[in-house]
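**Student:** Below is a structure I'd like to ask you about.
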Amino acid sequence: MSKYLSKRNIWIAVAVLVYILVALWNNNSFYNLVRWTLYSTIPLAMVAMAGLYSERSGVVNIALEGIMLFGAFVGILTLNLLQHNNIDGQLVLIITVVIGGLAGLIFSLLHSYASITMKSNQVISGTALNMLSVGLAIFVGRALSSSGTEEIGFTDRYKLNIPMLKDIPVIGDILFTNVYLITLLGLLIFVVAAIIAYKTKYGLRLRACGENPHAADAAGINVYKIRYLSVSISGLLAGMGGVILIVPTSTSFKASIYGYGFLALAVLISGQWKPARVLVFSLLFGFLMNLSNGITLVQSAFDGLRANESLLQGLYNNLYLFFTHLPKDIISMTPFIVTLILLALTSKNSQGPKAAGEPYDQGKR
């Protein structure tokens, strides 16, 4: 390994990285790549936070994929119905996110009832909800569609420039120019949820129920109530995350949210159930999920730099051939391969809530 880390190879790697970044920056594609990464990162962080709320209270929630999908389904269906009314577009989007969140909350109550009241196996309950949500989205989607497919379309006309803030150098171009307001709203919701989970009295009770529910009960905390409330918040966040993912990245919903719910679980475990680390890993996975788009940008950037070929002729030729012939299918696999590697590396140090997955029985105190 050390032979590959010689000073010469490191400088070559740095030169290649700088060259790619210059190419992206010069072609104005840098902003698009970062913006697309945010469109994936923020809903992923929200859904991982949803998992944090549930599991910190002691309820394992592998139903995130299904809750996210169901919230996205109801939200996009609402958007489809409202988009041609004379209502302000941004207001329609916010209504859509709220409806999607409420749908996720209601759907998550099934998991609460099975896991908390009935004390059933939480993994089996979550798996059942994941399967149920797909079936519902396909069945209802086809029943409502005139074409007989589950696809629900909508018109993409919701980007906007935020006055004054868009003029901030670099950050203005990334966050406040040609962006979706709900993406910024998602970031705000994530921050508020993190503060509530770690800086409030409820947050303290939440974590107590996930670590030692019997001690929490002895201290006068209603464990059942806290767990119901936490799983409901989890459903709310996951449902909103589904809508915030679909609107900026597509113009239709096809009963799928591309495995983001499962990826959020990997982010949660890799981030060791801590909001700051969850955000960092969400950023990493968000970037990897858009790597195929990033490669396309790099390819176009190299096309735009033909005038400078003479400066780095050999390097340019090699990189150009590499990036223009790299199969997209291989790039698309990258996030999942990296997920497996990171889970293998971080699982040893991951310490989840001690009572996660254990149904609470007050009679065993």
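In the structure tokens, each chain is lettered A, B, ... as it comes, each chain's residues begin at 1, and ligands are numbered from 1 in order of appearance.
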Residues of range 49-115 of chain A within 10 Å of range 348-363 of chain A: nearest atom pair and distance (Å, one decimal) for each, counting only C-alpha atoms, sorted by chain and number, as CSV?

**Tutor:**
residue,atom,partner,partner_atom,distance
A:Leu52,CA,A:Pro353,CA,9.6
A:Ser54,CA,A:Ala356,CA,8.9
A:Glu55,CA,A:Ala356,CA,5.8
A:Arg56,CA,A:Pro353,CA,5.8
A:Ser57,CA,A:Ala356,CA,7.3
A:Gly58,CA,A:Ala356,CA,3.9
A:Val59,CA,A:Gly357,CA,5.4
A:Val60,CA,A:Gly357,CA,5.1
A:Asn61,CA,A:Gly357,CA,8.7
A:Ser115,CA,A:Pro359,CA,6.7

**Student:** Store the residues of this selection in a file with N, CA and C atoms, as a compact mmCIF listing (two decimals), in the first residue's frame.

**Tutor:**
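Result written to again_19.txt:
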# COMPACT_ATOMS: atom_id res chain seq x y z
N LEU A 52 -33.68 8.11 13.49
CA LEU A 52 -33.08 8.43 14.79
C LEU A 52 -34.16 8.60 15.86
N SER A 54 -37.18 7.34 15.97
CA SER A 54 -37.82 6.07 16.30
C SER A 54 -36.91 5.17 17.12
N GLU A 55 -35.67 5.03 16.67
CA GLU A 55 -34.78 4.08 17.32
C GLU A 55 -34.26 4.61 18.65
N ARG A 56 -34.10 5.94 18.78
CA ARG A 56 -33.71 6.50 20.08
C ARG A 56 -34.80 6.26 21.13
N SER A 57 -36.03 6.09 20.67
CA SER A 57 -37.11 5.81 21.64
C SER A 57 -37.21 4.32 21.93
N GLY A 58 -36.47 3.50 21.16
CA GLY A 58 -36.47 2.06 21.41
C GLY A 58 -37.22 1.24 20.39
N VAL A 59 -37.68 1.87 19.30
CA VAL A 59 -38.44 1.14 18.27
C VAL A 59 -37.62 1.11 16.98
N VAL A 60 -37.14 -0.06 16.59
CA VAL A 60 -36.42 -0.20 15.33
C VAL A 60 -37.39 0.05 14.19
N ASN A 61 -36.96 0.87 13.23
CA ASN A 61 -37.89 1.27 12.17
C ASN A 61 -37.29 1.01 10.79
N SER A 115 -45.79 -2.58 17.06
CA SER A 115 -44.55 -2.69 17.84
C SER A 115 -44.73 -2.36 19.31

**Student:** Just asking: which residues within range 121-354 of chain A are strand (DSSP E) according to DSSP, as a PyMOL selection string?

**Tutor:** chain A and resi 152-153+159-160+179-180+252-253

**Student:** Mind listing the helix (DSSP H, G or I) residues of range 43-260 of chain A, per DSSP on the backbone, as JSON, numbers by chain?

**Tutor:** {"A": [43, 44, 45, 46, 47, 48, 49, 50, 51, 52, 53, 54, 55, 56, 64, 65, 66, 67, 68, 69, 70, 71, 72, 73, 74, 75, 76, 77, 78, 79, 80, 81, 82, 89, 90, 91, 92, 93, 94, 95, 96, 97, 98, 99, 100, 101, 102, 103, 104, 105, 106, 107, 108, 109, 110, 111, 112, 113, 114, 115, 116, 117, 122, 123, 124, 125, 126, 127, 128, 129, 130, 131, 132, 133, 134, 135, 136, 137, 138, 139, 140, 141, 142, 143, 144, 165, 166, 167, 171, 172, 173, 174, 175, 181, 182, 183, 184, 185, 186, 187, 188, 189, 190, 191, 192, 193, 194, 195, 196, 197, 198, 199, 201, 202, 203, 204, 205, 206, 207, 208, 209, 210, 211, 213, 214, 215, 216, 217, 218, 223, 224, 225, 226, 227, 228, 229, 230, 231, 232, 233, 234, 235, 236, 237, 238, 239, 240, 241, 242, 243, 244, 245, 246, 247, 248, 249, 260]}

**Student:** In Å, with one decimal, what is the gap from CA of Ser250 in chain A to CA of Thr155 in chain A?

**Tutor:**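 Straight-line distance from CA of Ser250 in chain A to CA of Thr155 in chain A works out to 9.7 Å.
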
**Student:** Counting only C-alpha atoms, which residue out of A:Asn85, A:Asn32, A:Thr346, A:Asn290 sits closest to Asp173 in chain A?

**Tutor:**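 Closest candidate: A:Asn32.
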
**Student:** State, in Å with one decimal place, the distance from CA of Val74 in chain A to CA of Ala137 in chain A.

**Tutor:**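 Computed distance, CA of Val74 in chain A to CA of Ala137 in chain A, equals 8.6 Å.
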
**Student:** Looking at only C-alpha atoms, which of A:Leu263, A:Met49, A:Asn86, A:Lys254 is the one that sits closest to Val140 in chain A?

**Tutor:** A:Lys254

**Student:** So how far away is CA of Gly235 in chain A from CA of Gly101 in chain A, in Å?

**Tutor:**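 Between CA of Gly101 in chain A and CA of Gly235 in chain A the gap works out to 7.0 Å.
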
**Student:** Counting only C-alpha atoms, what is within 10 Å of Ile99 in chain A, bar same-chain residues fewer than 2 positions away, as a PyMOL selection string?

**Tutor:** chain A and resi 71-72+74-79+93-97+101-105+236+239-240+243

**Student:** Mind dumping the selected residues with N, CA and C atoms as an mmCIF file, in the first residue's frame?

**Tutor:**
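Output (selection31.cif):
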data_model
loop_
_atom_site.group_PDB
_atom_site.id
_atom_site.type_symbol
_atom_site.label_atom_id
_atom_site.label_comp_id
_atom_site.auth_asym_id
_atom_site.auth_seq_id
_atom_site.Cartn_x
_atom_site.Cartn_y
_atom_site.Cartn_z
ATOM 1 N N GLY A 71 -45.694 8.453 1.890
ATOM 2 C CA GLY A 71 -45.784 9.909 1.980
ATOM 3 C C GLY A 71 -45.583 10.564 0.630
ATOM 4 N N ALA A 72 -44.601 10.070 -0.138
ATOM 5 C CA ALA A 72 -44.353 10.620 -1.469
ATOM 6 C C ALA A 72 -45.549 10.382 -2.383
ATOM 7 N N VAL A 74 -48.830 9.984 -1.607
ATOM 8 C CA VAL A 74 -49.960 10.872 -1.272
ATOM 9 C C VAL A 74 -49.612 12.327 -1.603
ATOM 10 N N GLY A 75 -48.377 12.726 -1.311
ATOM 11 C CA GLY A 75 -47.964 14.098 -1.589
ATOM 12 C C GLY A 75 -47.981 14.426 -3.070
ATOM 13 N N ILE A 76 -47.414 13.540 -3.887
ATOM 14 C CA ILE A 76 -47.370 13.797 -5.334
ATOM 15 C C ILE A 76 -48.773 13.725 -5.936
ATOM 16 N N LEU A 77 -49.612 12.855 -5.398
ATOM 17 C CA LEU A 77 -51.008 12.804 -5.856
ATOM 18 C C LEU A 77 -51.708 14.134 -5.554
ATOM 19 N N THR A 78 -51.422 14.693 -4.380
ATOM 20 C CA THR A 78 -51.968 16.012 -4.027
ATOM 21 C C THR A 78 -51.451 17.086 -4.980
ATOM 22 N N LEU A 79 -50.159 17.024 -5.275
ATOM 23 C CA LEU A 79 -49.570 18.004 -6.198
ATOM 24 C C LEU A 79 -50.205 17.896 -7.580
ATOM 25 N N LEU A 93 -46.558 23.635 -3.214
ATOM 26 C CA LEU A 93 -45.478 22.719 -2.811
ATOM 27 C C LEU A 93 -45.459 22.508 -1.297
ATOM 28 N N ILE A 94 -45.638 23.592 -0.552
ATOM 29 C CA ILE A 94 -45.626 23.461 0.911
ATOM 30 C C ILE A 94 -46.812 22.613 1.374
ATOM 31 N N ILE A 95 -47.988 22.824 0.768
ATOM 32 C CA ILE A 95 -49.150 21.989 1.099
ATOM 33 C C ILE A 95 -48.848 20.527 0.787
ATOM 34 N N THR A 96 -48.185 20.310 -0.345
ATOM 35 C CA THR A 96 -47.830 18.947 -0.752
ATOM 36 C C THR A 96 -46.920 18.282 0.275
ATOM 37 N N VAL A 97 -45.926 19.033 0.742
ATOM 38 C CA VAL A 97 -44.989 18.472 1.736
ATOM 39 C C VAL A 97 -45.726 18.150 3.039
ATOM 40 N N GLY A 101 -46.218 14.526 4.667
ATOM 41 C CA GLY A 101 -45.775 14.240 6.035
ATOM 42 C C GLY A 101 -46.883 13.633 6.874
ATOM 43 N N LEU A 102 -48.095 14.186 6.766
ATOM 44 C CA LEU A 102 -49.223 13.648 7.531
ATOM 45 C C LEU A 102 -49.556 12.219 7.097
ATOM 46 N N ALA A 103 -49.442 11.970 5.791
ATOM 47 C CA ALA A 103 -49.680 10.603 5.302
ATOM 48 C C ALA A 103 -48.663 9.640 5.899
ATOM 49 N N GLY A 104 -47.398 10.074 5.952
ATOM 50 C CA GLY A 104 -46.356 9.246 6.569
ATOM 51 C C GLY A 104 -46.637 9.008 8.039
ATOM 52 N N LEU A 105 -47.105 10.059 8.723
ATOM 53 C CA LEU A 105 -47.430 9.923 10.163
ATOM 54 C C LEU A 105 -48.532 8.881 10.375
ATOM 55 N N LEU A 236 -43.739 11.408 10.214
ATOM 56 C CA LEU A 236 -43.906 12.757 9.653
ATOM 57 C C LEU A 236 -42.669 13.168 8.847
ATOM 58 N N GLY A 239 -42.277 10.939 5.649
ATOM 59 C CA GLY A 239 -43.247 11.298 4.607
ATOM 60 C C GLY A 239 -42.864 12.583 3.900
ATOM 61 N N MET A 240 -42.450 13.598 4.668
ATOM 62 C CA MET A 240 -42.015 14.851 4.056
ATOM 63 C C MET A 240 -40.750 14.634 3.223
ATOM 64 N N VAL A 243 -41.522 13.435 -0.339
ATOM 65 C CA VAL A 243 -41.952 14.487 -1.271
ATOM 66 C C VAL A 243 -40.770 15.366 -1.673
#

**Student:** List as a short mmCIF file (atom, residue, chain, number, x, y, z; two decimals) with C-alpha atoms, in the first residue's frame the protein and nucleic acid residues near Gly241 in chain A, meaning an atom at most 12 Å away when only C-alpha atoms are counted, but skip any in the same chain fewer than 2 places from it.

**Tutor:**
data_model
loop_
_atom_site.label_atom_id
_atom_site.label_comp_id
_atom_site.auth_asym_id
_atom_site.auth_seq_id
_atom_site.Cartn_x
_atom_site.Cartn_y
_atom_site.Cartn_z
CA TYR A 39 -31.42 17.51 -3.68
CA SER A 40 -30.43 14.00 -2.60
CA THR A 41 -28.64 14.85 0.63
CA ILE A 42 -31.37 16.82 2.41
CA PRO A 43 -34.23 14.28 2.08
CA LEU A 44 -31.77 11.50 2.94
CA ALA A 45 -30.74 13.36 6.11
CA MET A 46 -34.41 13.97 6.99
CA VAL A 47 -35.30 10.29 6.69
CA ALA A 48 -32.19 9.27 8.65
CA MET A 49 -33.32 11.73 11.33
CA ALA A 50 -36.73 10.02 11.19
CA GLY A 51 -34.97 6.75 11.96
CA LEU A 64 -38.66 3.98 6.61
CA GLU A 65 -38.62 2.94 2.95
CA GLY A 66 -42.35 2.18 2.99
CA ILE A 67 -43.31 5.26 5.02
CA MET A 68 -41.25 7.49 2.75
CA LEU A 69 -42.83 5.91 -0.32
CA PHE A 70 -46.37 6.26 1.04
CA GLY A 71 -45.78 9.91 1.98
CA ALA A 72 -44.35 10.62 -1.47
CA PHE A 73 -47.31 8.86 -3.12
CA GLY A 75 -47.96 14.10 -1.59
CA THR A 96 -47.83 18.95 -0.75
CA VAL A 97 -44.99 18.47 1.74
CA VAL A 98 -47.36 18.84 4.71
CA ILE A 99 -49.86 16.36 3.24
CA GLY A 100 -47.06 13.91 2.46
CA GLY A 101 -45.77 14.24 6.04
CA LEU A 102 -49.22 13.65 7.53
CA ALA A 103 -49.68 10.60 5.30
CA GLY A 104 -46.36 9.25 6.57
CA LEU A 105 -47.43 9.92 10.16
CA ILE A 182 -38.87 22.95 -0.14
CA THR A 183 -35.23 21.82 -0.29
CA LEU A 185 -37.30 23.98 4.10
CA GLY A 186 -36.08 20.39 4.48
CA LEU A 187 -32.70 21.61 5.71
CA ILE A 189 -36.63 20.95 9.44
CA PHE A 190 -33.55 18.75 9.89
CA SER A 234 -40.48 9.61 12.50
CA GLY A 235 -43.37 9.01 10.10
CA LEU A 236 -43.91 12.76 9.65
CA LEU A 237 -40.24 13.36 8.76
CA ALA A 238 -40.04 10.32 6.45
CA GLY A 239 -43.25 11.30 4.61
CA VAL A 243 -41.95 14.49 -1.27
CA ILE A 244 -38.80 16.62 -0.95
CA LEU A 245 -36.84 13.91 -2.77
CA ILE A 246 -39.24 13.35 -5.67
CA VAL A 247 -40.16 16.95 -6.65
CA PRO A 248 -36.64 18.25 -7.48
CA ILE A 257 -38.21 6.16 -3.99
CA TYR A 260 -33.47 5.93 -0.18
CA GLY A 261 -35.27 4.62 2.90
CA ALA A 264 -31.13 6.29 5.28
#

**Student:** Counting only C-alpha atoms, what is within 10 Å of Gly141 in chain A, bar same-chain residues fewer than 3 positions away, as an mmCIF file with N, CA, C and O atoms, in the first residue's frame?

**Tutor:**
data_model
loop_
_atom_site.group_PDB
_atom_site.id
_atom_site.type_symbol
_atom_site.label_atom_id
_atom_site.label_comp_id
_atom_site.auth_asym_id
_atom_site.auth_seq_id
_atom_site.Cartn_x
_atom_site.Cartn_y
_atom_site.Cartn_z
ATOM 1 N N PHE A 73 -46.164 9.190 -2.279
ATOM 2 C CA PHE A 73 -47.314 8.861 -3.118
ATOM 3 C C PHE A 73 -48.474 9.820 -2.869
ATOM 4 O O PHE A 73 -49.028 10.419 -3.798
ATOM 5 N N VAL A 74 -48.830 9.984 -1.607
ATOM 6 C CA VAL A 74 -49.960 10.872 -1.272
ATOM 7 C C VAL A 74 -49.612 12.327 -1.603
ATOM 8 O O VAL A 74 -50.435 13.081 -2.123
ATOM 9 N N LEU A 77 -49.612 12.855 -5.398
ATOM 10 C CA LEU A 77 -51.008 12.804 -5.856
ATOM 11 C C LEU A 77 -51.708 14.134 -5.554
ATOM 12 O O LEU A 77 -52.465 14.665 -6.385
ATOM 13 N N GLY A 135 -47.532 -2.019 -2.618
ATOM 14 C CA GLY A 135 -48.787 -2.529 -3.166
ATOM 15 C C GLY A 135 -49.868 -1.465 -3.230
ATOM 16 O O GLY A 135 -50.582 -1.342 -4.231
ATOM 17 N N LEU A 136 -49.974 -0.679 -2.168
ATOM 18 C CA LEU A 136 -50.986 0.387 -2.148
ATOM 19 C C LEU A 136 -50.719 1.430 -3.227
ATOM 20 O O LEU A 136 -51.648 1.877 -3.925
ATOM 21 N N ALA A 137 -49.449 1.844 -3.352
ATOM 22 C CA ALA A 137 -49.110 2.872 -4.337
ATOM 23 C C ALA A 137 -49.412 2.406 -5.759
ATOM 24 O O ALA A 137 -49.924 3.166 -6.589
ATOM 25 N N ILE A 138 -49.124 1.139 -6.042
ATOM 26 C CA ILE A 138 -49.379 0.610 -7.383
ATOM 27 C C ILE A 138 -50.882 0.451 -7.617
ATOM 28 O O ILE A 138 -51.416 0.874 -8.658
ATOM 29 N N LEU A 144 -56.541 5.185 -10.152
ATOM 30 C CA LEU A 144 -56.831 6.596 -10.414
ATOM 31 C C LEU A 144 -56.347 7.065 -11.769
ATOM 32 O O LEU A 144 -56.793 8.107 -12.272
ATOM 33 N N SER A 145 -55.414 6.323 -12.363
ATOM 34 C CA SER A 145 -54.825 6.766 -13.627
ATOM 35 C C SER A 145 -55.696 6.363 -14.817
ATOM 36 O O SER A 145 -56.213 5.245 -14.878
ATOM 37 N N SER A 146 -55.826 7.272 -15.767
ATOM 38 C CA SER A 146 -56.587 6.958 -16.982
ATOM 39 C C SER A 146 -55.787 6.077 -17.927
ATOM 40 O O SER A 146 -56.349 5.389 -18.779
ATOM 41 N N GLY A 148 -53.886 3.568 -16.944
ATOM 42 C CA GLY A 148 -53.769 2.205 -16.420
ATOM 43 C C GLY A 148 -52.425 1.893 -15.813
ATOM 44 O O GLY A 148 -52.154 0.745 -15.470
ATOM 45 N N THR A 149 -51.553 2.893 -15.670
ATOM 46 C CA THR A 149 -50.259 2.677 -15.013
ATOM 47 C C THR A 149 -50.259 3.403 -13.675
ATOM 48 O O THR A 149 -51.099 4.265 -13.410
ATOM 49 N N GLU A 150 -49.272 3.070 -12.842
ATOM 50 C CA GLU A 150 -49.201 3.692 -11.515
ATOM 51 C C GLU A 150 -48.487 5.043 -11.545
ATOM 52 O O GLU A 150 -48.307 5.682 -10.504
ATOM 53 N N GLU A 151 -48.064 5.491 -12.714
ATOM 54 C CA GLU A 151 -47.295 6.726 -12.811
ATOM 55 C C GLU A 151 -48.186 7.955 -12.562
ATOM 56 O O GLU A 151 -49.253 8.098 -13.148
ATOM 57 N N ILE A 152 -47.707 8.840 -11.680
ATOM 58 C CA ILE A 152 -48.410 10.094 -11.387
ATOM 59 C C ILE A 152 -47.493 11.241 -11.789
ATOM 60 O O ILE A 152 -46.438 11.440 -11.190
ATOM 61 N N PHE A 253 -44.062 10.212 -10.367
ATOM 62 C CA PHE A 253 -43.845 9.253 -9.287
ATOM 63 C C PHE A 253 -44.309 7.885 -9.760
ATOM 64 O O PHE A 253 -45.442 7.732 -10.235
ATOM 65 N N LYS A 254 -43.434 6.864 -9.629
ATOM 66 C CA LYS A 254 -43.738 5.532 -10.155
ATOM 67 C C LYS A 254 -43.646 4.475 -9.052
ATOM 68 O O LYS A 254 -43.026 3.432 -9.241
ATOM 69 N N ALA A 255 -44.230 4.766 -7.911
ATOM 70 C CA ALA A 255 -44.270 3.811 -6.788
ATOM 71 C C ALA A 255 -42.879 3.357 -6.366
ATOM 72 O O ALA A 255 -42.665 2.198 -6.012
#

**Student:** Would you list the contacts of Val267 in chain A as a ChimeraX atom specification, taking every protein, DNA or RNA residue within 9 Å and counting only C-alpha atoms, but skipping same-chain residues closer than 4 positions in sequence?

**Tutor:** /A:44-45,48,262-263,271-273,277-282,285,339,343
